[in-house]
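J.: Pasting run.pdb here (PDB, C-alpha atoms and all ligand atoms):
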```
ATOM      1  CA  MET A   1     142.811  58.391 106.426
ATOM      2  CA  ASP A   2     140.718  59.928 103.627
ATOM      3  CA  ILE A   3     139.108  57.052 101.781
ATOM      4  CA  ILE A   4     137.045  57.063  98.594
ATOM      5  CA  VAL A   5     134.925  54.013  97.798
ATOM      6  CA  LEU A   6     133.625  53.483  94.267
ATOM      7  CA  VAL A   7     130.159  51.964  94.448
ATOM      8  CA  LYS A   8     128.234  50.623  91.476
ATOM      9  CA  GLU A   9     124.482  50.076  91.476
ATOM     10  CA  VAL A  10     123.590  46.785  89.775
ATOM     11  CA  PRO A  11     120.345  44.871  89.163
ATOM     12  CA  ASP A  12     119.591  41.877  91.372
ATOM     13  CA  MET A  13     121.212  39.233  89.149
ATOM     14  CA  GLU A  14     119.105  36.425  90.634
ATOM     15  CA  LYS A  15     115.944  38.048  89.320
ATOM     16  CA  VAL A  16     116.933  40.161  86.347
ATOM     17  CA  LYS A  17     115.621  39.168  82.920
ATOM     18  CA  PHE A  18     117.333  39.538  79.575
ATOM     19  CA  ASP A  19     115.530  41.292  76.734
ATOM     20  CA  ARG A  20     116.438  38.791  74.011
ATOM     21  CA  GLU A  21     114.998  40.900  71.195
ATOM     22  CA  ARG A  22     116.929  44.040  72.034
ATOM     23  CA  GLY A  23     119.958  42.132  73.368
ATOM     24  CA  VAL A  24     120.122  44.122  76.603
ATOM     25  CA  ILE A  25     119.464  43.567  80.294
ATOM     26  CA  ASP A  26     115.895  44.518  81.161
ATOM     27  CA  ARG A  27     116.748  46.628  84.211
ATOM     28  CA  SER A  28     113.062  47.153  85.017
ATOM     29  CA  SER A  29     112.682  43.410  85.676
ATOM     30  CA  ALA A  30     114.614  43.480  88.956
ATOM     31  CA  SER A  31     115.322  45.844  91.815
ATOM     32  CA  ALA A  32     118.652  47.653  92.006
ATOM     33  CA  GLN A  33     121.214  47.084  94.733
ATOM     34  CA  ILE A  34     124.826  47.880  95.580
ATOM     35  CA  ASN A  35     127.217  45.578  93.740
ATOM     36  CA  PRO A  36     127.948  42.869  96.370
ATOM     37  CA  PHE A  37     131.759  43.257  96.128
ATOM     38  CA  ASP A  38     131.352  46.989  96.791
ATOM     39  CA  LEU A  39     129.814  46.123 100.161
ATOM     40  CA  ASN A  40     133.175  44.505 100.978
ATOM     41  CA  ALA A  41     134.909  47.661  99.748
ATOM     42  CA  LEU A  42     132.715  49.788 102.025
ATOM     43  CA  GLN A  43     133.316  47.484 104.992
ATOM     44  CA  THR A  44     137.086  47.685 104.369
ATOM     45  CA  ALA A  45     136.841  51.481 104.496
ATOM     46  CA  VAL A  46     134.782  51.364 107.698
ATOM     47  CA  ASP A  47     137.311  48.983 109.351
ATOM     48  CA  LEU A  48     140.245  51.226 108.342
ATOM     49  CA  LYS A  49     138.448  54.314 109.606
ATOM     50  CA  GLU A  50     137.728  52.579 112.899
ATOM     51  CA  GLU A  51     141.427  51.801 113.257
ATOM     52  CA  VAL A  52     142.995  55.126 112.276
ATOM     53  CA  GLY A  53     140.147  57.620 111.902
ATOM     54  CA  GLY A  54     139.354  59.656 108.820
ATOM     55  CA  ASN A  55     136.601  60.194 106.298
ATOM     56  CA  ILE A  56     134.800  57.970 103.793
ATOM     57  CA  THR A  57     133.328  59.315 100.538
ATOM     58  CA  ALA A  58     131.285  56.989  98.332
ATOM     59  CA  ILE A  59     131.093  57.827  94.621
ATOM     60  CA  SER A  60     128.820  56.246  92.048
ATOM     61  CA  MET A  61     128.239  56.899  88.382
ATOM     62  CA  GLY A  62     124.729  55.988  87.333
ATOM     63  CA  PRO A  63     121.188  57.173  86.769
ATOM     64  CA  PRO A  64     119.528  59.519  89.325
ATOM     65  CA  SER A  65     117.996  56.454  91.032
ATOM     66  CA  ALA A  66     121.510  55.366  92.104
ATOM     67  CA  GLU A  67     121.114  57.986  94.855
ATOM     68  CA  ASP A  68     119.438  55.208  96.878
ATOM     69  CA  SER A  69     122.587  53.076  96.714
ATOM     70  CA  LEU A  70     124.656  56.010  97.950
ATOM     71  CA  LYS A  71     122.228  56.465 100.847
ATOM     72  CA  GLU A  72     122.704  52.810 101.657
ATOM     73  CA  ALA A  73     126.471  53.358 101.511
ATOM     74  CA  ILE A  74     125.999  56.122 104.090
ATOM     75  CA  ALA A  75     123.890  53.790 106.248
ATOM     76  CA  ARG A  76     126.793  51.342 106.065
ATOM     77  CA  GLY A  77     129.333  53.895 107.276
ATOM     78  CA  ALA A  78     130.235  56.320 104.487
ATOM     79  CA  ASP A  79     130.288  59.965 105.591
ATOM     80  CA  GLU A  80     129.093  61.363 102.280
ATOM     81  CA  GLY A  81     127.942  60.315  98.825
ATOM     82  CA  ILE A  82     128.579  61.813  95.386
ATOM     83  CA  LEU A  83     126.502  60.774  92.391
ATOM     84  CA  LEU A  84     127.889  61.352  88.905
ATOM     85  CA  THR A  85     124.844  61.586  86.729
ATOM     86  CA  ASP A  86     124.320  63.300  83.391
ATOM     87  CA  THR A  87     122.764  62.224  80.095
ATOM     88  CA  SER A  88     126.208  62.659  78.514
ATOM     89  CA  PHE A  89     127.603  59.934  80.822
ATOM     90  CA  ALA A  90     125.123  57.343  79.465
ATOM     91  CA  GLY A  91     126.384  54.449  77.351
ATOM     92  CA  ALA A  92     129.846  54.497  78.944
ATOM     93  CA  ASP A  93     132.081  51.454  78.491
ATOM     94  CA  THR A  94     134.706  50.609  81.134
ATOM     95  CA  TRP A  95     137.155  53.185  79.722
ATOM     96  CA  ALA A  96     134.665  56.072  79.895
ATOM     97  CA  THR A  97     133.346  54.863  83.261
ATOM     98  CA  SER A  98     136.784  54.726  84.844
ATOM     99  CA  PHE A  99     137.718  58.048  83.240
ATOM    100  CA  ILE A 100     134.844  60.013  84.777
ATOM    101  CA  LEU A 101     135.226  58.229  88.134
ATOM    102  CA  SER A 102     138.931  59.109  88.179
ATOM    103  CA  GLN A 103     138.120  62.746  87.378
ATOM    104  CA  ALA A 104     135.693  62.853  90.299
ATOM    105  CA  VAL A 105     138.477  61.529  92.569
ATOM    106  CA  LYS A 106     140.796  64.190  91.120
ATOM    107  CA  LYS A 107     138.154  66.876  91.765
ATOM    108  CA  ILE A 108     137.948  65.812  95.414
ATOM    109  CA  GLY A 109     141.726  66.216  95.521
ATOM    110  CA  ASP A 110     142.871  65.147  98.968
ATOM    111  CA  PHE A 111     142.657  61.395  99.446
ATOM    112  CA  ASP A 112     144.840  58.590 100.718
ATOM    113  CA  LEU A 113     143.101  55.518  99.402
ATOM    114  CA  VAL A 114     140.520  54.538  96.791
ATOM    115  CA  ILE A 115     138.768  51.204  97.318
ATOM    116  CA  CYS A 116     136.768  49.303  94.684
ATOM    117  CA  GLY A 117     135.108  45.931  94.578
ATOM    118  CA  GLU A 118     137.070  43.342  92.620
ATOM    119  CA  MET A 119     134.401  43.358  89.867
ATOM    120  CA  SER A 120     130.763  44.087  89.213
ATOM    121  CA  VAL A 121     128.266  41.232  89.044
ATOM    122  CA  ASP A 122     126.621  42.586  85.876
ATOM    123  CA  GLY A 123     129.537  43.827  83.755
ATOM    124  CA  ASP A 124     132.068  41.446  85.302
ATOM    125  CA  THR A 125     135.189  42.925  83.715
ATOM    126  CA  ALA A 126     137.197  43.904  86.852
ATOM    127  CA  GLN A 127     138.701  46.706  84.735
ATOM    128  CA  VAL A 128     137.250  49.875  86.253
ATOM    129  CA  GLY A 129     139.378  49.979  89.436
ATOM    130  CA  PRO A 130     142.814  49.468  87.839
ATOM    131  CA  GLN A 131     141.884  51.706  84.863
ATOM    132  CA  ALA A 132     140.787  54.530  87.157
ATOM    133  CA  ALA A 133     144.075  54.171  89.083
ATOM    134  CA  GLU A 134     146.010  54.444  85.816
ATOM    135  CA  PHE A 135     144.082  57.619  84.904
ATOM    136  CA  LEU A 136     145.003  58.986  88.339
ATOM    137  CA  ASP A 137     148.599  57.785  87.986
ATOM    138  CA  ILE A 138     148.563  56.147  91.420
ATOM    139  CA  PRO A 139     149.813  52.699  92.533
ATOM    140  CA  HIS A 140     147.190  49.971  92.721
ATOM    141  CA  VAL A 141     146.826  46.364  93.791
ATOM    142  CA  ALA A 142     143.851  44.266  92.639
ATOM    143  CA  PHE A 143     142.091  41.289  94.274
ATOM    144  CA  VAL A 144     143.183  42.129  97.827
ATOM    145  CA  TRP A 145     141.873  39.584 100.372
ATOM    146  CA  ASP A 146     143.655  40.900 103.478
ATOM    147  CA  ILE A 147     145.129  44.128 104.819
ATOM    148  CA  GLU A 148     147.997  42.907 106.933
ATOM    149  CA  GLU A 149     149.352  46.188 108.211
ATOM    150  CA  ILE A 150     148.872  49.938 108.027
ATOM    151  CA  VAL A 151     152.264  51.619 107.756
ATOM    152  CA  ASP A 152     153.110  55.337 107.484
ATOM    153  CA  GLU A 153     153.518  55.234 103.704
ATOM    154  CA  GLY A 154     150.629  52.927 102.869
ATOM    155  CA  LEU A 155     149.103  49.489 103.351
ATOM    156  CA  VAL A 156     150.672  46.039 103.320
ATOM    157  CA  VAL A 157     148.155  43.832 101.527
ATOM    158  CA  CYS A 158     147.745  40.218 100.450
ATOM    159  CA  THR A 159     146.496  39.348  96.988
ATOM    160  CA  ASP A 160     146.078  36.238  94.835
ATOM    161  CA  MET A 161     146.965  36.264  91.173
ATOM    162  CA  TRP A 162     147.734  33.509  88.707
ATOM    163  CA  SER A 163     147.349  30.844  91.447
ATOM    164  CA  SER A 164     149.995  32.457  93.665
ATOM    165  CA  SER A 165     149.677  34.657  96.737
ATOM    166  CA  TYR A 166     151.574  37.907  97.037
ATOM    167  CA  ARG A 167     152.260  40.300  99.897
ATOM    168  CA  GLN A 168     152.658  43.830  98.623
ATOM    169  CA  GLN A 169     152.827  47.391  99.848
ATOM    170  CA  VAL A 170     150.587  49.927  98.151
ATOM    171  CA  ASN A 171     151.650  53.459  98.954
ATOM    172  CA  PHE A 172     149.350  56.436  99.576
ATOM    173  CA  PRO A 173     147.703  57.834  97.593
ATOM    174  CA  GLY A 174     146.834  54.485  96.103
ATOM    175  CA  MET A 175     144.044  52.126  95.167
ATOM    176  CA  ILE A 176     143.040  48.591  96.062
ATOM    177  CA  THR A 177     140.251  46.399  94.733
ATOM    178  CA  VAL A 178     138.979  43.879  97.257
ATOM    179  CA  THR A 179     137.556  40.359  97.082
ATOM    180  CA  LYS A 180     134.690  38.989  99.165
ATOM    181  CA  ASP A 181     137.201  37.133 101.391
ATOM    182  CA  ILE A 182     138.467  40.372 102.946
ATOM    183  CA  ASN A 183     135.550  40.718 105.379
ATOM    184  CA  THR A 184     131.876  40.116 106.044
ATOM    185  CA  PRO A 185     129.837  43.240 105.358
ATOM    186  CA  GLN A 186     127.889  44.288 108.449
ATOM    187  CA  LEU A 187     124.195  45.054 108.113
ATOM    188  CA  PRO A 188     123.279  48.664 108.907
ATOM    189  CA  SER A 189     121.081  49.259 111.939
ATOM    190  CA  LEU A 190     117.539  50.612 111.498
ATOM    191  CA  GLN A 191     118.700  53.872 113.086
ATOM    192  CA  ASP A 192     121.567  54.196 110.573
ATOM    193  CA  LYS A 193     119.156  53.503 107.722
ATOM    194  CA  MET A 194     116.717  56.162 108.918
ATOM    195  CA  LYS A 195     119.516  58.700 109.313
ATOM    196  CA  ALA A 196     120.921  57.909 105.874
ATOM    197  CA  LYS A 197     117.507  58.393 104.250
ATOM    198  CA  LYS A 198     117.716  62.074 105.162
ATOM    199  CA  ALA A 199     121.313  62.486 103.963
ATOM    200  CA  GLU A 200     121.995  64.930 101.137
ATOM    201  CA  ILE A 201     123.716  63.329  98.159
ATOM    202  CA  THR A 202     125.936  65.653  96.117
ATOM    203  CA  THR A 203     125.276  65.406  92.382
ATOM    204  CA  TRP A 204     127.874  66.196  89.746
ATOM    205  CA  GLY A 205     127.133  66.422  86.026
ATOM    206  CA  LEU A 206     129.437  67.294  83.134
ATOM    207  CA  ASP A 207     129.287  71.041  83.900
ATOM    208  CA  ASP A 208     130.774  70.425  87.344
ATOM    209  CA  PHE A 209     133.973  69.163  85.694
ATOM    210  CA  ALA A 210     134.607  72.388  83.755
ATOM    211  CA  GLU A 211     137.826  73.118  85.689
ATOM    212  CA  LEU A 212     139.233  69.741  84.564
ATOM    213  CA  ASP A 213     138.658  70.527  80.885
ATOM    214  CA  ILE A 214     136.424  67.559  80.237
ATOM    215  CA  GLU A 215     134.358  67.622  77.090
ATOM    216  CA  ASP A 216     131.325  65.744  75.766
ATOM    217  CA  ASP A 217     133.564  63.519  73.645
ATOM    218  CA  ASP A 218     135.507  62.279  76.685
ATOM    219  CA  VAL A 219     132.519  60.722  78.429
ATOM    220  CA  GLY A 220     129.597  58.352  77.879
ATOM    221  CA  LEU A 221     129.063  56.659  74.552
ATOM    222  CA  SER A 222     131.206  59.192  72.633
ATOM    223  CA  GLY A 223     134.121  58.603  75.020
ATOM    224  CA  SER A 224     133.825  54.806  74.705
ATOM    225  CA  TYR A 225     136.215  52.764  72.584
ATOM    226  CA  THR A 226     134.139  49.572  72.850
ATOM    227  CA  LYS A 227     131.577  49.256  70.099
ATOM    228  CA  VAL A 228     129.032  46.515  70.764
ATOM    229  CA  LYS A 229     127.935  44.982  67.476
ATOM    230  CA  ASN A 230     125.605  42.353  68.831
ATOM    231  CA  ILE A 231     124.748  40.661  72.100
ATOM    232  CA  VAL A 232     123.511  37.080  72.190
ATOM    233  CA  VAL A 233     122.417  34.803  74.987
ATOM    234  CA  PRO A 234     124.318  31.519  74.702
ATOM    235  CA  PRO A 235     121.908  28.662  74.033
ATOM    236  CA  GLU A 236     121.319  26.397  77.000
ATOM    237  CA  THR A 237     122.877  23.008  76.391
ATOM    238  CA  SER A 238     122.534  19.890  78.457
ATOM    239  CA  ARG A 239     125.193  17.226  78.465
ATOM    240  CA  ASP A 240     125.046  13.670  79.742
ATOM    241  CA  SER A 241     127.167  13.173  82.795
ATOM    242  CA  LYS A 242     128.145  10.196  84.912
ATOM    243  CA  ILE A 243     129.775  10.070  88.325
ATOM    244  CA  TRP A 244     131.852   7.101  89.501
ATOM    245  CA  ASP A 245     132.288   7.562  93.215
ATOM    246  CA  ASP A 246     132.939   3.951  94.300
ATOM    247  CA  ASP A 247     135.232   2.282  91.874
ATOM    248  CA  TYR A 248     137.687   4.763  90.394
ATOM    249  CA  GLN A 249     139.478   2.090  88.325
ATOM    250  CA  GLU A 250     136.226   1.020  86.714
ATOM    251  CA  GLY A 251     135.413   4.674  86.029
ATOM    252  CA  LEU A 252     138.817   5.307  84.547
ATOM    253  CA  ASP A 253     138.601   2.253  82.258
ATOM    254  CA  GLU A 254     135.146   3.276  81.083
ATOM    255  CA  LEU A 255     136.306   6.833  80.460
ATOM    256  CA  ILE A 256     139.299   5.703  78.410
ATOM    257  CA  GLU A 257     137.000   3.460  76.381
ATOM    258  CA  LEU A 258     134.565   6.316  75.826
ATOM    259  CA  LEU A 259     137.303   8.692  74.726
ATOM    260  CA  ALA A 260     138.778   6.060  72.435
ATOM    261  CA  GLU A 261     135.349   5.588  70.910
ATOM    262  CA  LYS A 262     135.180   9.273  70.201
ATOM    263  CA  ARG A 263     138.638   9.020  68.626
ATOM    264  CA  ARG A 264     140.054  11.487  71.100
ATOM    265  CA  LEU A 265     142.885   9.138  72.086
TER     266      LEU A 265
HETATM  267  P1  LIG B   1     134.035  46.276  86.929
HETATM  268  O1  LIG B   1     135.256  46.798  86.283
HETATM  269  O2  LIG B   1     133.861  44.791  86.997
HETATM  270  O3  LIG B   1     133.857  46.922  88.376
HETATM  271  C1  LIG B   1     134.914  46.926  89.318
HETATM  272  C2  LIG B   1     134.632  47.960  90.380
HETATM  273  O4  LIG B   1     134.698  49.270  89.809
HETATM  274  C3  LIG B   1     133.270  47.872  91.047
HETATM  275  O5  LIG B   1     133.255  46.882  92.060
HETATM  276  C4  LIG B   1     133.129  49.288  91.597
HETATM  277  O6  LIG B   1     133.906  49.441  92.754
HETATM  278  C5  LIG B   1     133.773  50.122  90.478
HETATM  279  N1  LIG B   1     132.753  50.579  89.516
HETATM  280  C6  LIG B   1     132.411  50.032  88.328
HETATM  281  N2  LIG B   1     131.445  50.752  87.737
HETATM  282  C7  LIG B   1     131.160  51.769  88.570
HETATM  283  C8  LIG B   1     130.225  52.850  88.550
HETATM  284  N3  LIG B   1     129.395  53.040  87.526
HETATM  285  N4  LIG B   1     130.212  53.704  89.588
HETATM  286  C9  LIG B   1     131.050  53.542  90.651
HETATM  287  N5  LIG B   1     131.932  52.537  90.750
HETATM  288  C10 LIG B   1     131.994  51.668  89.711
HETATM  289  N6  LIG B   1     126.169  50.270  81.595
HETATM  290  C11 LIG B   1     125.132  51.008  82.043
HETATM  291  O7  LIG B   1     124.782  50.869  83.227
HETATM  292  N7  LIG B   1     124.499  51.923  81.264
HETATM  293  C12 LIG B   1     124.874  52.114  79.960
HETATM  294  O8  LIG B   1     124.290  52.928  79.268
HETATM  295  C13 LIG B   1     125.943  51.320  79.449
HETATM  296  N8  LIG B   1     126.352  51.461  78.175
HETATM  297  C14 LIG B   1     127.405  50.705  77.711
HETATM  298  C15 LIG B   1     127.853  50.908  76.395
HETATM  299  C16 LIG B   1     128.916  50.157  75.914
HETATM  300  C17 LIG B   1     129.400  50.407  74.505
HETATM  301  C18 LIG B   1     129.527  49.189  76.740
HETATM  302  C19 LIG B   1     130.659  48.352  76.238
HETATM  303  C20 LIG B   1     129.095  49.009  78.028
HETATM  304  C21 LIG B   1     128.034  49.762  78.551
HETATM  305  N9  LIG B   1     127.585  49.621  79.851
HETATM  306  C22 LIG B   1     126.579  50.391  80.311
HETATM  307  C23 LIG B   1     128.276  48.738  80.799
HETATM  308  C24 LIG B   1     129.350  49.568  81.494
HETATM  309  O9  LIG B   1     130.367  49.914  80.611
HETATM  310  C25 LIG B   1     129.999  48.798  82.611
HETATM  311  O10 LIG B   1     128.986  48.278  83.445
HETATM  312  C26 LIG B   1     130.867  49.748  83.424
HETATM  313  O11 LIG B   1     131.871  50.291  82.649
HETATM  314  C27 LIG B   1     131.525  49.059  84.568
HETATM  315  O12 LIG B   1     132.222  47.957  84.120
HETATM  316  P2  LIG B   1     132.019  46.624  84.890
HETATM  317  O13 LIG B   1     130.559  46.499  85.181
HETATM  318  O14 LIG B   1     132.685  45.540  84.163
HETATM  319  O15 LIG B   1     132.752  46.950  86.282
END
```
Translate this file's structure into structure tokens.
Ligand code: FAD
T.:
Amino acid sequence: MDIIVLVKEVPDMEKVKFDRERGVIDRSSASAQINPFDLNALQTAVDLKEEVGGNITAISMGPPSAEDSLKEAIARGADEGILLTDTSFAGADTWATSFILSQAVKKIGDFDLVICGEMSVDGDTAQVGPQAAEFLDIPHVAFVWDIEEIVDEGLVVCTDMWSSSYRQQVNFPGMITVTKDINTPQLPSLQDKMKAKKAEITTWGLDDFAELDIEDDDVGLSGSYTKVKNIVVPPETSRDSKIWDDDYQEGLDELIELLAEKRRL
């Protein structure tokens, strides 16, 4: 099975600081790492490869430093890494991000499955996977928490949406986005890490997409439909709270009284 995993490099969200004056994340304030959900995507690919064989390609769009994340992806089982990096890709919203990622998948050509994390921990939109699948015109299932069966035509997967569980078949070539419940990412061994450090990462910029007729206006900020007018950090608010864990009836009576006082009843 030829699998492509889309891997985003994100700042460590536990440590990252927000530049309140400029309204942006101060990426220099924290180290970069692979988006945690993408580790589940990589592990899914590794498990599938172990079962049926094949090849895993990890693709990331980001600054040149994202090469390190692709090397980590290789340490974790990917066979090769492709970094999409070019000044014209900068400032991309989810539309432009998923567009260029989908074009990279198209450029690779032969693939059975694309796997993404369910969302990124910094952007948080969960849009890139399904949008890229739409650009590629392939079937896709989001929020997959189990792969039940591999059949000739595709995968039978389990997903949760709108408080219900579904069992669905996604045919090849197709895409899934996976949740953290699908597996536990395995740590790479020291030997794998050392080997991956020496791996060559392929780099593609805008010029490498010439055969797909992609222009400056299709990518990065110029290819983005989202225009950010302002970014604000919500003020921290503290609210009084009370827990009644012994006498529910007393708690209920007090709550009704409180609400009545506030004229909400
Ligand atoms: P989600 O949709 O939540 O991610 C889902 C999955 O898609 C991930 O788990 C991963 O598998 C895959 N994926 C997502 N992004 C990538 C990627 N880059 N490479 C590989 N796989 C990926 N961000 C910047 O870093 N630099 C900028 O200059 C920048 N400029 C922006 C300008 C505008 C106007 C806007 C609106 C946003 C900008 N962003 C920028 C944020 C950027 O658009 C999003 O981070 C990006 O589109 C991914 O969306 P997301 O984080 O919500 O990913």
J.: Which protein, DNA or RNA residues are at most 6 Å from (144.6, 47.8, 92.4) in the file's coordinates when you count all atoms listed in the file, listed as a VMD selection string?
T.: chain A and resid 130 140 to 142 175 to 177
J.: Expressed in Å to a single decimal, how great is the separation between atom CA of A:Arg239 and atom CA of A:Met13?
T.: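 Taking atom CA of A:Arg239 and atom CA of A:Met13, their separation equals 24.8 Å.
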J.: Please determine, counting all atoms listed in the file, which residue among A:Ile56, A:Asp38, A:Leu136, A:Thr159 has the shortest atom-to-atom distance to A:Lys107.
T.: A:Leu136
J.: For ligand LIG 1 (chain B), list the contacting residues at 8 Å or closer, counting all atoms listed in the file, as a PyMOL selection string.
T.: chain A and resi 5-10+35-38+41+59-62+89-98+101+115-129+177+220-221+224-228
J.: Contacts of A:Pro185 at 12 Å or less, counting all atoms listed in the file, minus same-chain residues fewer than 3 places along, as a PyMOL selection string?
T.: chain A and resi 34+36-47+73+76-77+179-182+188
J.: Could the residues in this selection be written to a file with C-alpha atoms, as a PDB file, keeping the file's coordinate frame?
T.:
```
ATOM      1  CA  ILE A  34     124.826  47.880  95.580  1.00  0.00           C
ATOM      2  CA  PRO A  36     127.948  42.869  96.370  1.00  0.00           C
ATOM      3  CA  PHE A  37     131.759  43.257  96.128  1.00  0.00           C
ATOM      4  CA  ASP A  38     131.352  46.989  96.791  1.00  0.00           C
ATOM      5  CA  LEU A  39     129.814  46.123 100.161  1.00  0.00           C
ATOM      6  CA  ASN A  40     133.175  44.505 100.978  1.00  0.00           C
ATOM      7  CA  ALA A  41     134.909  47.661  99.748  1.00  0.00           C
ATOM      8  CA  LEU A  42     132.715  49.788 102.025  1.00  0.00           C
ATOM      9  CA  GLN A  43     133.316  47.484 104.992  1.00  0.00           C
ATOM     10  CA  THR A  44     137.086  47.685 104.369  1.00  0.00           C
ATOM     11  CA  ALA A  45     136.841  51.481 104.496  1.00  0.00           C
ATOM     12  CA  VAL A  46     134.782  51.364 107.698  1.00  0.00           C
ATOM     13  CA  ASP A  47     137.311  48.983 109.351  1.00  0.00           C
ATOM     14  CA  ALA A  73     126.471  53.358 101.511  1.00  0.00           C
ATOM     15  CA  ARG A  76     126.793  51.342 106.065  1.00  0.00           C
ATOM     16  CA  GLY A  77     129.333  53.895 107.276  1.00  0.00           C
ATOM     17  CA  THR A 179     137.556  40.359  97.082  1.00  0.00           C
ATOM     18  CA  LYS A 180     134.690  38.989  99.165  1.00  0.00           C
ATOM     19  CA  ASP A 181     137.201  37.133 101.391  1.00  0.00           C
ATOM     20  CA  ILE A 182     138.467  40.372 102.946  1.00  0.00           C
ATOM     21  CA  PRO A 188     123.279  48.664 108.907  1.00  0.00           C
TER      22      PRO A 188
END
```
J.: In Å, how far is it from atom CA of A:Thr85 to atom CA of A:Gln103?
T.: 13.3 Å
